[in-house]
Amino acid sequence: MTNETIIADRRYAGMTQADIWYVAFRPDKPVKADDSAKGAVRTTRTFKSEVDAKLFAMQILAKGWTASAGTLGPDEPKRIVGASEIERWADPGLGG
């Protein structure tokens, strides 16, 4: 009798990895879909790596929008990047 164990192929390990970073963003000007809409619409995207989150944050900042970022639990230690810090965090030329 053989012990049949399924061993995950390392090539596919990244495909099943959970998203651990998020970037929350919104336009600086309110978006009105109708008369009842008030304020700016806030959206969040998640990413598997910090690099991907930084690249996306740079695209959002290039549009002149506001953004913040951070890690999703249970990633430890928890990291939060506020709107006042995000440009420096995302831009490698500024120390990010």
# chains A, B, ... in the order shown; residues from 1 in each chain; ligands from 1

$ residues_around --residues "Leu61 of chain A" --least-positions-apart "6" --cutoff "10 Å" --atoms "only C-alpha atoms" --output "list in words"
Phe25, Pro27, Ala67, Ile86, Glu87 and Ala90 of chain A

$ residues_around --residues "Ala24 of chain A" --least-positions-apart "2" --cutoff "8 Å" --atoms "only C-alpha atoms" --output "ChimeraX atom specification"
/A:22,26,42-45,67-69

$ closest_residue --among "A:Val41, A:Leu72, A:Ile60, A:Val51" --to "Ile20 of chain A" --atoms "only C-alpha atoms"
A:Leu72

$ closest_residue --among "A:Ala53, A:Ala18, A:Met58, A:Val23" --to "Asp91 of chain A" --atoms "only C-alpha atoms"
A:Met58

$ atom_distance --atom1 "atom CA of Val81 of chain A" --atom2 "atom CA of Phe56 of chain A"
13.9 Å

$ closest_residue --among "A:Gly70, A:Arg79, A:Lys54, A:Gly64" --to "Pro92 of chain A" --atoms "only C-alpha atoms"
A:Lys54

$ closest_residue --among "A:Ala57, A:Trp65, A:Thr46, A:Asp52" --to "Trp89 of chain A" --atoms "only C-alpha atoms"
A:Ala57

$ closest_residue --among "A:Phe47, A:Trp21, A:Thr71, A:Thr66" --to "Ala83 of chain A" --atoms "only C-alpha atoms"
A:Thr66

$ atom_distance --atom1 "atom CA of Gly82 of chain A" --atom2 "atom CA of Lys48 of chain A"
19.4 Å
